[in-house]
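As provided, final00.txt (compact mmCIF, C-alpha atoms) reads as follows.
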```
# COMPACT_ATOMS: atom_id res chain seq x y z
CA MET A 1 26.80 10.74 -3.30
CA THR A 2 24.99 14.00 -2.55
CA LEU A 3 24.54 15.61 0.82
CA GLN A 4 20.97 14.31 0.93
CA SER A 5 22.03 10.72 0.14
CA ASP A 6 24.66 10.85 2.88
CA GLU A 7 22.08 12.07 5.38
CA VAL A 8 19.59 9.34 4.36
CA ILE A 9 22.26 6.65 4.70
CA ARG A 10 23.24 8.01 8.12
CA GLN A 11 19.57 7.90 9.22
CA ILE A 12 19.28 4.31 7.98
CA GLN A 13 22.43 3.25 9.83
CA VAL A 14 21.16 4.72 13.12
CA ARG A 15 17.82 3.02 12.65
CA GLU A 16 19.29 -0.36 11.64
CA GLN A 17 21.56 -0.37 14.70
CA LEU A 18 18.57 0.27 16.96
CA LEU A 19 16.52 -2.39 15.17
CA ALA A 20 19.27 -4.96 15.71
CA ARG A 21 19.50 -4.09 19.40
CA VAL A 22 15.72 -4.39 19.89
CA GLN A 23 15.64 -7.70 17.98
CA ALA A 24 18.46 -9.06 20.16
CA LEU A 25 16.68 -7.81 23.29
CA LEU A 26 13.50 -9.66 22.26
CA VAL A 27 15.36 -12.93 21.73
CA GLU A 28 17.55 -12.74 24.84
CA ARG A 29 15.25 -11.10 27.38
CA LEU A 30 12.02 -12.84 26.35
CA HIS A 31 13.72 -16.13 25.42
CA LEU A 32 12.09 -16.36 21.99
CA HIS A 33 12.87 -19.57 20.12
CA ARG A 34 13.81 -17.63 17.00
CA ASP A 35 16.89 -16.11 15.49
CA ALA A 36 17.01 -12.32 15.61
CA ASP A 37 16.93 -12.08 11.80
CA GLU A 38 13.61 -13.98 11.77
CA ILE A 39 11.95 -11.06 13.55
CA ASP A 40 10.94 -8.68 10.77
CA PRO A 41 10.76 -4.96 11.68
CA ASP A 42 7.00 -4.80 11.09
CA CYS A 43 6.17 -8.21 12.59
CA PRO A 44 3.34 -7.93 15.18
CA LEU A 45 4.75 -8.58 18.66
CA PHE A 46 1.54 -9.79 20.28
CA GLY A 47 -1.33 -12.07 19.28
CA THR A 48 -0.71 -14.09 16.16
CA GLY A 49 2.65 -12.42 15.49
CA LEU A 50 5.42 -13.37 17.92
CA GLY A 51 2.74 -14.40 20.43
CA LEU A 52 3.92 -12.23 23.32
CA ASP A 53 1.58 -11.74 26.30
CA SER A 54 1.00 -9.12 29.01
CA VAL A 55 3.85 -10.47 31.17
CA ASP A 56 6.18 -10.16 28.20
CA ALA A 57 4.95 -6.59 27.67
CA VAL A 58 6.10 -5.58 31.18
CA GLU A 59 9.41 -7.40 30.66
CA LEU A 60 9.84 -5.67 27.31
CA VAL A 61 9.25 -2.16 28.70
CA VAL A 62 11.68 -2.82 31.58
CA GLY A 63 14.17 -4.28 29.09
CA VAL A 64 13.96 -1.24 26.81
CA GLU A 65 14.35 1.15 29.77
CA THR A 66 17.41 -0.74 31.04
CA ALA A 67 19.08 -1.32 27.69
CA PHE A 68 18.60 2.19 26.32
CA GLY A 69 18.74 4.18 29.58
CA LEU A 70 15.24 5.62 29.13
CA ARG A 71 12.35 6.35 31.45
CA LEU A 72 9.09 5.48 29.71
CA SER A 73 6.19 7.07 31.55
CA ASP A 74 3.53 7.96 28.98
CA GLU A 75 1.22 4.93 29.17
CA LYS A 76 -0.71 5.79 26.01
CA LEU A 77 2.46 6.27 24.02
CA ILE A 78 3.91 3.00 25.30
CA ARG A 79 0.71 1.09 24.56
CA GLY A 80 0.63 2.33 21.00
CA SER A 81 4.32 1.53 20.56
CA LEU A 82 4.20 -2.12 21.56
CA ARG A 83 2.97 -3.19 18.14
CA THR A 84 6.16 -4.02 16.22
CA VAL A 85 9.94 -3.75 16.47
CA ASN A 86 9.72 -0.66 14.27
CA SER A 87 7.19 1.03 16.56
CA LEU A 88 9.46 0.27 19.54
CA VAL A 89 12.34 1.90 17.69
CA ASP A 90 10.07 4.91 17.04
CA LEU A 91 9.37 5.03 20.79
CA ILE A 92 13.08 4.97 21.63
CA LEU A 93 13.82 7.72 19.12
CA THR A 94 10.87 9.78 20.43
CA HIS A 95 12.54 9.66 23.85
CA GLY A 96 15.79 10.99 22.44
CA GLY A 97 17.46 7.72 21.46
CA PRO A 98 19.79 5.48 23.47
CA ARG A 99 21.81 7.03 26.31
CA MET B 1 -46.94 -19.43 10.57
CA SER B 2 -43.15 -19.56 10.51
CA PRO B 3 -41.38 -21.09 7.46
CA ALA B 4 -40.03 -24.63 7.58
CA PRO B 5 -36.43 -24.84 8.83
CA GLU B 6 -35.21 -25.98 5.40
CA LEU B 7 -36.76 -22.95 3.72
CA LYS B 8 -35.37 -20.64 6.40
CA MET B 9 -31.87 -22.06 5.90
CA ALA B 10 -32.20 -21.82 2.11
CA ALA B 11 -33.17 -18.16 2.42
CA GLU B 12 -30.25 -17.49 4.77
CA LEU B 13 -27.80 -19.29 2.47
CA GLU B 14 -29.08 -17.24 -0.44
CA ALA B 15 -28.51 -14.07 1.60
CA LEU B 16 -25.03 -15.30 2.39
CA ARG B 17 -24.29 -16.06 -1.29
CA ARG B 18 -25.34 -12.57 -2.28
CA ASN B 19 -22.96 -10.97 0.21
CA ALA B 20 -19.52 -12.41 -0.46
CA ALA B 21 -17.91 -9.92 1.96
CA TRP B 22 -18.96 -12.01 4.94
CA ASN B 23 -17.03 -14.93 3.47
CA ALA B 24 -18.84 -17.51 5.60
CA PRO B 25 -17.76 -20.61 3.63
CA ALA B 26 -14.15 -19.65 4.37
CA HIS B 27 -14.96 -19.50 8.08
CA VAL B 28 -16.52 -22.94 7.88
CA HIS B 29 -13.44 -24.21 6.07
CA CYS B 30 -11.24 -22.74 8.81
CA LEU B 31 -13.33 -24.49 11.43
CA ARG B 32 -12.68 -27.76 9.54
CA LEU B 33 -16.37 -28.64 9.67
CA SER B 34 -18.26 -30.68 7.15
CA GLY B 35 -21.74 -32.14 6.75
CA ALA B 36 -24.20 -31.34 9.51
CA GLY B 37 -21.58 -29.47 11.53
CA ALA B 38 -20.85 -27.16 8.61
CA PHE B 39 -24.55 -26.49 8.08
CA ALA B 40 -24.96 -25.75 11.79
CA ALA B 41 -22.03 -23.31 11.62
CA LEU B 42 -23.40 -21.74 8.44
CA ASP B 43 -26.76 -21.46 10.13
CA GLY B 44 -25.16 -19.64 13.05
CA LEU B 45 -23.25 -17.32 10.73
CA CYS B 46 -26.39 -16.64 8.71
CA ALA B 47 -28.29 -15.83 11.87
CA ALA B 48 -25.51 -13.51 13.02
CA GLN B 49 -25.39 -11.86 9.61
CA LEU B 50 -29.15 -11.33 9.53
CA TYR B 51 -29.09 -9.94 13.06
CA LEU B 52 -26.28 -7.53 12.22
CA ARG B 53 -28.04 -6.45 9.04
CA ALA B 54 -31.22 -5.77 11.00
CA HIS B 55 -29.68 -4.00 13.99
CA GLY B 56 -26.18 -2.96 12.91
CA ALA B 57 -27.15 0.48 11.65
CA ALA B 58 -27.95 1.57 15.21
CA PHE B 59 -24.30 0.87 16.10
CA ALA B 60 -22.82 2.44 12.93
CA LEU B 61 -22.21 -1.03 11.46
CA ALA B 62 -22.69 -1.71 7.77
CA PRO B 63 -21.79 -4.52 5.36
CA VAL B 64 -18.62 -3.82 3.42
CA GLY B 65 -17.01 -5.18 0.27
CA LEU B 66 -13.51 -6.36 -0.50
CA ALA B 67 -12.34 -2.84 -1.35
CA ALA B 68 -13.00 -1.73 2.24
CA LEU B 69 -11.16 -4.78 3.60
CA ASP B 70 -8.21 -4.03 1.29
CA GLN B 71 -8.14 -0.45 2.53
CA CYS B 72 -8.11 -1.64 6.16
CA ALA B 73 -5.22 -3.99 5.34
CA LEU B 74 -3.17 -1.12 3.90
CA GLU B 75 -3.93 1.19 6.83
CA ASN B 76 -3.20 -1.45 9.45
CA GLY B 77 -0.14 -3.03 7.87
CA PHE B 78 -1.82 -6.36 7.17
CA PHE B 79 -0.80 -8.61 4.29
CA ASN B 80 -3.20 -8.30 1.34
CA ILE B 81 -3.37 -11.32 -0.95
CA ARG B 82 -5.10 -9.24 -3.66
CA ALA B 83 -2.32 -6.60 -3.81
CA GLU B 84 1.23 -7.42 -2.67
CA GLY B 85 0.16 -11.09 -2.58
CA ARG B 86 0.08 -11.03 -6.39
CA ALA B 87 3.55 -9.53 -6.78
CA GLY B 88 5.32 -12.92 -6.65
CA LEU B 89 7.21 -12.09 -3.44
CA THR B 90 8.52 -14.42 -0.73
CA PRO B 91 7.69 -14.23 3.01
CA LEU B 92 11.20 -12.78 3.46
CA GLU B 93 10.41 -9.84 1.19
CA LEU B 94 6.89 -9.42 2.59
CA GLN B 95 8.06 -9.33 6.24
CA LEU B 96 5.99 -12.44 6.89
CA GLN B 97 8.62 -14.68 8.45
CA TRP B 98 6.45 -14.90 11.55
CA ARG B 99 3.95 -16.84 9.45
CA VAL B 100 6.39 -19.52 8.34
CA SER B 101 8.54 -22.15 10.05
CA TYR B 102 12.16 -22.85 9.19
CA LYS B 103 12.06 -26.06 11.25
CA LYS B 104 9.26 -27.92 9.44
CA ASP B 105 9.36 -29.56 6.05
CA TYR B 106 6.64 -28.46 3.62
CA VAL B 107 6.28 -27.59 -0.04
CA GLY B 108 8.68 -24.73 -0.69
CA SER B 109 10.43 -24.90 2.69
CA GLN B 110 13.85 -25.80 1.18
CA ALA B 111 13.58 -22.99 -1.37
CA LEU B 112 12.68 -20.54 1.38
CA LEU B 113 15.65 -21.67 3.49
CA ALA B 114 17.94 -21.22 0.49
CA ARG B 115 16.58 -17.70 -0.09
CA ARG B 116 17.13 -16.86 3.57
CA GLU B 117 20.71 -18.13 3.49
CA ALA B 118 21.38 -16.17 0.28
CA GLY B 119 20.14 -12.99 1.96
CA CYS B 120 17.03 -11.00 1.17
CA ALA B 121 17.66 -8.44 -1.58
CA ARG B 122 14.39 -6.49 -1.22
CA ARG B 123 11.81 -5.84 1.49
CA VAL B 124 8.44 -4.12 1.68
CA THR B 125 8.18 -0.88 3.67
CA TRP B 126 5.19 1.38 4.27
CA ALA B 127 5.38 4.98 3.09
CA LEU B 128 3.31 8.18 3.10
CA GLY B 129 3.20 10.71 0.26
CA PRO B 130 2.48 14.43 0.39
CA PRO B 131 -1.17 15.66 0.48
CA GLU B 132 -2.94 16.05 -2.87
CA THR B 133 -0.56 13.77 -4.77
CA ALA B 134 -1.77 10.34 -5.85
CA LEU B 135 0.61 7.41 -5.46
CA ALA B 136 -0.08 4.27 -7.48
CA ALA B 137 1.19 0.71 -7.60
CA GLY B 138 4.06 0.48 -10.09
CA ASP B 139 5.47 3.98 -9.41
CA ALA B 140 9.26 3.93 -9.13
CA VAL B 141 11.06 4.98 -5.92
CA TYR B 142 14.34 6.90 -6.05
CA LEU B 143 17.12 8.10 -3.79
CA ASP B 144 18.41 11.09 -5.74
CA GLU B 145 18.62 9.66 -9.29
CA GLN B 146 19.18 6.04 -8.22
CA ARG B 147 16.15 3.80 -8.58
CA ILE B 148 15.83 1.81 -5.34
CA GLY B 149 12.42 0.15 -5.73
CA SER B 150 8.78 0.54 -6.67
CA LEU B 151 5.34 0.70 -5.09
CA VAL B 152 3.35 -2.56 -4.94
CA ASN B 153 0.20 -1.13 -3.38
CA ALA B 154 -1.18 2.34 -2.70
CA GLY B 155 -4.37 4.02 -1.54
CA TYR B 156 -5.75 7.22 -0.03
CA VAL B 157 -6.04 7.21 3.78
CA VAL B 158 -8.81 9.61 4.73
CA PRO B 159 -7.91 10.19 8.43
CA CYS B 160 -4.27 10.96 7.46
CA GLY B 161 -5.26 13.05 4.43
CA VAL B 162 -2.50 11.52 2.30
CA TYR B 163 -1.79 8.57 0.04
CA ALA B 164 -0.17 5.59 1.72
CA ALA B 165 1.82 3.01 -0.16
CA LEU B 166 3.64 -0.24 0.29
CA ALA B 167 7.05 0.13 -1.34
CA LEU B 168 9.27 -2.78 -2.32
CA LEU B 169 12.75 -1.36 -1.70
CA GLU B 170 16.25 -2.70 -2.11
CA ARG B 171 17.27 -4.13 1.26
CA PRO B 172 19.85 -1.43 2.21
CA TYR B 173 17.11 1.22 1.86
CA ALA B 174 14.13 -0.76 3.21
CA CYS B 175 13.86 1.07 6.50
CA ALA B 176 11.02 2.91 8.28
CA GLY B 177 11.34 6.46 9.56
CA ILE B 178 13.31 7.79 6.59
CA SER B 179 12.63 11.02 4.69
CA GLY B 180 14.58 11.64 1.51
CA PHE B 181 13.17 9.14 -0.97
CA THR B 182 11.09 10.30 -3.94
CA VAL B 183 8.47 8.64 -6.12
CA GLU B 184 7.91 9.21 -9.83
CA THR B 185 4.11 9.67 -10.00
CA ALA B 186 1.81 10.61 -12.88
CA ALA B 187 2.04 14.20 -11.59
CA GLY B 188 5.83 14.21 -11.34
CA ARG B 189 8.47 13.46 -8.70
CA VAL B 190 7.24 13.79 -5.09
CA PRO B 191 8.91 13.10 -1.73
CA ILE B 192 7.75 10.23 0.49
CA ARG B 193 8.46 9.28 4.08
CA THR B 194 8.78 5.65 5.13
CA VAL B 195 6.83 4.77 8.27
CA SER B 196 6.04 1.83 10.50
CA PRO B 197 2.49 0.50 10.37
CA PRO B 198 -0.23 0.68 11.57
CA LEU B 199 -1.01 4.08 10.06
CA LEU B 200 -4.14 4.34 12.21
CA ASN B 201 -4.63 3.75 15.90
CA ASN B 202 -7.02 0.82 16.05
CA ARG B 203 -9.29 2.02 18.83
CA SER B 204 -10.57 -1.43 19.72
CA VAL B 205 -7.14 -1.90 21.31
CA TYR B 206 -7.92 0.92 23.73
CA VAL B 207 -11.50 -0.08 24.57
CA ASN B 208 -11.98 -2.40 27.51
CA PRO B 209 -15.38 -4.14 27.29
CA GLN B 210 -15.34 -4.55 31.08
CA HIS B 211 -15.17 -0.79 31.61
CA HIS B 212 -16.57 0.85 28.48
CA ARG B 213 -20.01 0.78 26.89
CA TYR B 214 -21.04 1.80 23.40
CA ALA B 215 -23.26 4.48 24.91
CA THR B 216 -20.26 6.18 26.52
CA ARG B 217 -17.98 6.01 23.47
CA HIS B 218 -17.93 9.80 23.12
CA GLU B 219 -16.65 10.15 26.67
CA LEU B 220 -13.65 7.86 26.15
CA ALA B 221 -10.27 9.57 25.98
CA LEU B 222 -9.10 7.79 22.85
CA PRO B 223 -5.83 8.69 21.16
CA ARG B 224 -5.78 10.55 17.86
CA LEU B 225 -7.02 8.21 15.09
CA ALA B 226 -4.21 8.93 12.63
CA ARG B 227 -0.68 8.03 13.79
CA TYR B 228 1.05 10.20 11.20
```
Show the structure stored in the file as structure tokens.
Amino acid sequence: MTLQSDEVIRQIQVREQLLARVQALLVERLHLHRDADEIDPDCPLFGTGLGLDSVDAVELVVGVETAFGLRLSDEKLIRGSLRTVNSLVDLILTHGGPR
Amino acid sequence: MSPAPELKMAAELEALRRNAAWNAPAHVHCLRLSGAGAFAALDGLCAAQLYLRAHGAAFALAPVGLAALDQCALENGFFNIRAEGRAGLTPLELQLQWRVSYKKDYVGSQALLARREAGCARRVTWALGPPETALAAGDAVYLDEQRIGSLVNAGYVVPCGVYAALALLERPYACAGISGFTVETAAGRVPIRTVSPPLLNNRSVYVNPQHHRYATRHELALPRLARY
């Protein structure tokens, strides 16, 4: 393993841990009738994807703020980040990661 | 004197046949219509198509072909049956579990369940290359000297100014937001960065028809078109 490989693997581990936490949050907080591993990272959250609605969106933002100790205030950034689990993870990392 | 309805419909159907991009028969199939109902629906679609053809240019609308639809699919992270759909992959590998049910019994459901229980060995992930370097389907992806996957689809994304690709990576490496992978292209080894789709901000998401008008589109404070 080179230094670069080690760094890539570390990045992947951080990301995978966050993904798992967001998937669990979706299942538990929004009461989805799916297992967490059924929610693919790039699965659309709204519309024909997981079928979330505007009420779920508010619940999701509050859930992310509570679970990760963040304060999400940029409405445009939030709106663009509610597409997939991966985009939510991007949002969390943009805000400095979990606290 | 206006043409007989039958002639009008025949002319509209001919227009429809000539422009496969509108794919009207597929819409009719989706509506599960047949006979008179299907003709009525086709008639409506023909009328809409003719209207758009006549007046669309004023609203920057134009008919497009399959290549444009394929490009949109790549940029927006949609499944493309003509690209990755031909790679012989399962919904698990294509990140399409949301489109299937594990509770219903259908052709292939048992095989899919067995694959899921065995664990998914590969998964598709979107990636961006450096400017001025073409990525192509079939190019191999590496972490250092270890081959970890290959590209199954690729195309140039004008607003981003780079090539985007859909990479099929071994599961431990199939993760967005990672820099450090490289791709063996025709021009040599280049770095890529995995990203989460969509690559573009679809502005229709930000436009509220109750508040915005086409005439005021230049006044809207829309986000940057390219996400990366």
Which residue, A:Ser5, A:Thr94, A:Ser54, A:Gln23, has the smallest gap to chain B when you use only C-alpha atoms?
->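 Of all the options, A:Ser5 lies closest to chain B.
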Could you list as an MDAnalysis selection string every residue that has an atom within 6 Å of (12.5, -5.7, 25.7), using the file's coordinates and counting only C-alpha atoms?
-> chainID A and resid 25:26 60:61 63:64
Taking only C-alpha atoms into account, what are the residues of chain A at most 10 Å from chain B, put as a short mmCIF file (atom, residue, chain, number, x, y, z; two decimals) with C-alpha atoms, in the coordinates of the input?
```cif
data_model
loop_
_atom_site.label_atom_id
_atom_site.label_comp_id
_atom_site.auth_asym_id
_atom_site.auth_seq_id
_atom_site.Cartn_x
_atom_site.Cartn_y
_atom_site.Cartn_z
CA MET A 1 26.80 10.74 -3.30
CA THR A 2 24.99 14.00 -2.55
CA GLN A 4 20.97 14.31 0.93
CA SER A 5 22.03 10.72 0.14
CA GLU A 7 22.08 12.07 5.38
CA VAL A 8 19.59 9.34 4.36
CA ILE A 9 22.26 6.65 4.70
CA GLN A 11 19.57 7.90 9.22
CA ILE A 12 19.28 4.31 7.98
CA GLN A 13 22.43 3.25 9.83
CA ARG A 15 17.82 3.02 12.65
CA GLU A 16 19.29 -0.36 11.64
CA LEU A 19 16.52 -2.39 15.17
CA ARG A 34 13.81 -17.63 17.00
CA ASP A 37 16.93 -12.08 11.80
CA GLU A 38 13.61 -13.98 11.77
CA ILE A 39 11.95 -11.06 13.55
CA ASP A 40 10.94 -8.68 10.77
CA PRO A 41 10.76 -4.96 11.68
CA ASP A 42 7.00 -4.80 11.09
CA CYS A 43 6.17 -8.21 12.59
CA PRO A 44 3.34 -7.93 15.18
CA LEU A 45 4.75 -8.58 18.66
CA THR A 48 -0.71 -14.09 16.16
CA GLY A 49 2.65 -12.42 15.49
CA LEU A 50 5.42 -13.37 17.92
CA GLY A 51 2.74 -14.40 20.43
CA LYS A 76 -0.71 5.79 26.01
CA LEU A 77 2.46 6.27 24.02
CA ARG A 79 0.71 1.09 24.56
CA GLY A 80 0.63 2.33 21.00
CA ARG A 83 2.97 -3.19 18.14
CA THR A 84 6.16 -4.02 16.22
CA VAL A 85 9.94 -3.75 16.47
CA ASN A 86 9.72 -0.66 14.27
CA SER A 87 7.19 1.03 16.56
CA LEU A 88 9.46 0.27 19.54
CA VAL A 89 12.34 1.90 17.69
CA ASP A 90 10.07 4.91 17.04
CA LEU A 93 13.82 7.72 19.12
#
```
At what distance in Å, to one decimal, does CA of Arg82 (chain B) lie from CA of Glu184 (chain B)?
->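 Separation between CA of Glu184 (chain B) and CA of Arg82 (chain B): 23.4 Å.
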Pull the neighbourhood of (0.4, 7.9, -4.9) for me: all residues within 12 Å in file coordinates, counting only C-alpha atoms, as an MDAnalysis selection string.
-> chainID B and resid 127:141 150:157 162:167 182:192
Got a sec: who's within 12 Å of Arg71 (chain A), counting all atoms listed in the file, leaving out chain neighbours fewer than 4 positions off, as a VMD selection string?
-> chain A and resid 61 to 67 75 78 91 to 92 94 to 99
Suppose you want the space between CA of Tyr228 (chain B) and CA of Ser204 (chain B); what is it in Å?
->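 It comes out at 18.5 Å.
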Would you pull region 18-74 of chain A out of the block just shown and save C-alpha atoms as a PDB file, in the first residue's frame?
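Output contents, as saved in selection.pdb:
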```pdb
ATOM      1  CA  LEU A  18     -21.497   8.724   7.037  1.00  0.00           C
ATOM      2  CA  LEU A  19     -23.504   6.938   4.335  1.00  0.00           C
ATOM      3  CA  ALA A  20     -24.504   4.216   6.795  1.00  0.00           C
ATOM      4  CA  ARG A  21     -25.588   6.795   9.365  1.00  0.00           C
ATOM      5  CA  VAL A  22     -27.702   8.721   6.822  1.00  0.00           C
ATOM      6  CA  GLN A  23     -29.272   5.478   5.537  1.00  0.00           C
ATOM      7  CA  ALA A  24     -30.153   4.465   9.115  1.00  0.00           C
ATOM      8  CA  LEU A  25     -31.539   7.946   9.787  1.00  0.00           C
ATOM      9  CA  LEU A  26     -33.800   7.688   6.723  1.00  0.00           C
ATOM     10  CA  VAL A  27     -35.181   4.322   7.817  1.00  0.00           C
ATOM     11  CA  GLU A  28     -35.631   5.165  11.501  1.00  0.00           C
ATOM     12  CA  ARG A  29     -36.663   8.820  11.400  1.00  0.00           C
ATOM     13  CA  LEU A  30     -38.860   8.647   8.289  1.00  0.00           C
ATOM     14  CA  HIS A  31     -40.135   5.124   9.003  1.00  0.00           C
ATOM     15  CA  LEU A  32     -39.314   3.801   5.533  1.00  0.00           C
ATOM     16  CA  HIS A  33     -40.459   0.234   4.923  1.00  0.00           C
ATOM     17  CA  ARG A  34     -37.047  -0.740   3.587  1.00  0.00           C
ATOM     18  CA  ASP A  35     -33.815  -2.101   4.939  1.00  0.00           C
ATOM     19  CA  ALA A  36     -30.972   0.407   5.074  1.00  0.00           C
ATOM     20  CA  ASP A  37     -28.933  -1.578   2.523  1.00  0.00           C
ATOM     21  CA  GLU A  38     -31.790  -1.237   0.008  1.00  0.00           C
ATOM     22  CA  ILE A  39     -31.201   2.524  -0.117  1.00  0.00           C
ATOM     23  CA  ASP A  40     -28.471   2.981  -2.713  1.00  0.00           C
ATOM     24  CA  PRO A  41     -26.203   6.046  -2.286  1.00  0.00           C
ATOM     25  CA  ASP A  42     -27.422   7.635  -5.528  1.00  0.00           C
ATOM     26  CA  CYS A  43     -31.087   6.656  -5.151  1.00  0.00           C
ATOM     27  CA  PRO A  44     -33.389   9.698  -5.613  1.00  0.00           C
ATOM     28  CA  LEU A  45     -34.991  10.581  -2.270  1.00  0.00           C
ATOM     29  CA  PHE A  46     -38.101  12.274  -3.641  1.00  0.00           C
ATOM     30  CA  GLY A  47     -40.569  11.594  -6.452  1.00  0.00           C
ATOM     31  CA  THR A  48     -40.271   8.171  -8.000  1.00  0.00           C
ATOM     32  CA  GLY A  49     -37.220   7.248  -5.899  1.00  0.00           C
ATOM     33  CA  LEU A  50     -37.943   6.675  -2.207  1.00  0.00           C
ATOM     34  CA  GLY A  51     -41.120   8.735  -2.596  1.00  0.00           C
ATOM     35  CA  LEU A  52     -40.412  11.262   0.168  1.00  0.00           C
ATOM     36  CA  ASP A  53     -42.533  14.427   0.323  1.00  0.00           C
ATOM     37  CA  SER A  54     -42.165  17.987   1.632  1.00  0.00           C
ATOM     38  CA  VAL A  55     -43.018  16.959   5.214  1.00  0.00           C
ATOM     39  CA  ASP A  56     -40.294  14.326   5.042  1.00  0.00           C
ATOM     40  CA  ALA A  57     -37.880  16.973   3.736  1.00  0.00           C
ATOM     41  CA  VAL A  58     -38.361  19.086   6.890  1.00  0.00           C
ATOM     42  CA  GLU A  59     -38.044  15.981   9.075  1.00  0.00           C
ATOM     43  CA  LEU A  60     -34.893  14.992   7.207  1.00  0.00           C
ATOM     44  CA  VAL A  61     -33.199  18.385   7.642  1.00  0.00           C
ATOM     45  CA  VAL A  62     -34.071  18.429  11.362  1.00  0.00           C
ATOM     46  CA  GLY A  63     -32.850  14.829  11.639  1.00  0.00           C
ATOM     47  CA  VAL A  64     -29.522  15.620   9.975  1.00  0.00           C
ATOM     48  CA  GLU A  65     -29.030  18.708  12.176  1.00  0.00           C
ATOM     49  CA  THR A  66     -29.752  16.702  15.337  1.00  0.00           C
ATOM     50  CA  ALA A  67     -27.798  13.584  14.430  1.00  0.00           C
ATOM     51  CA  PHE A  68     -24.690  15.348  13.143  1.00  0.00           C
ATOM     52  CA  GLY A  69     -24.749  18.461  15.359  1.00  0.00           C
ATOM     53  CA  LEU A  70     -24.957  20.849  12.402  1.00  0.00           C
ATOM     54  CA  ARG A  71     -26.821  24.068  11.719  1.00  0.00           C
ATOM     55  CA  LEU A  72     -28.024  24.083   8.115  1.00  0.00           C
ATOM     56  CA  SER A  73     -28.999  27.598   7.103  1.00  0.00           C
ATOM     57  CA  ASP A  74     -28.203  28.000   3.402  1.00  0.00           C
TER      58      ASP A  74
END
```
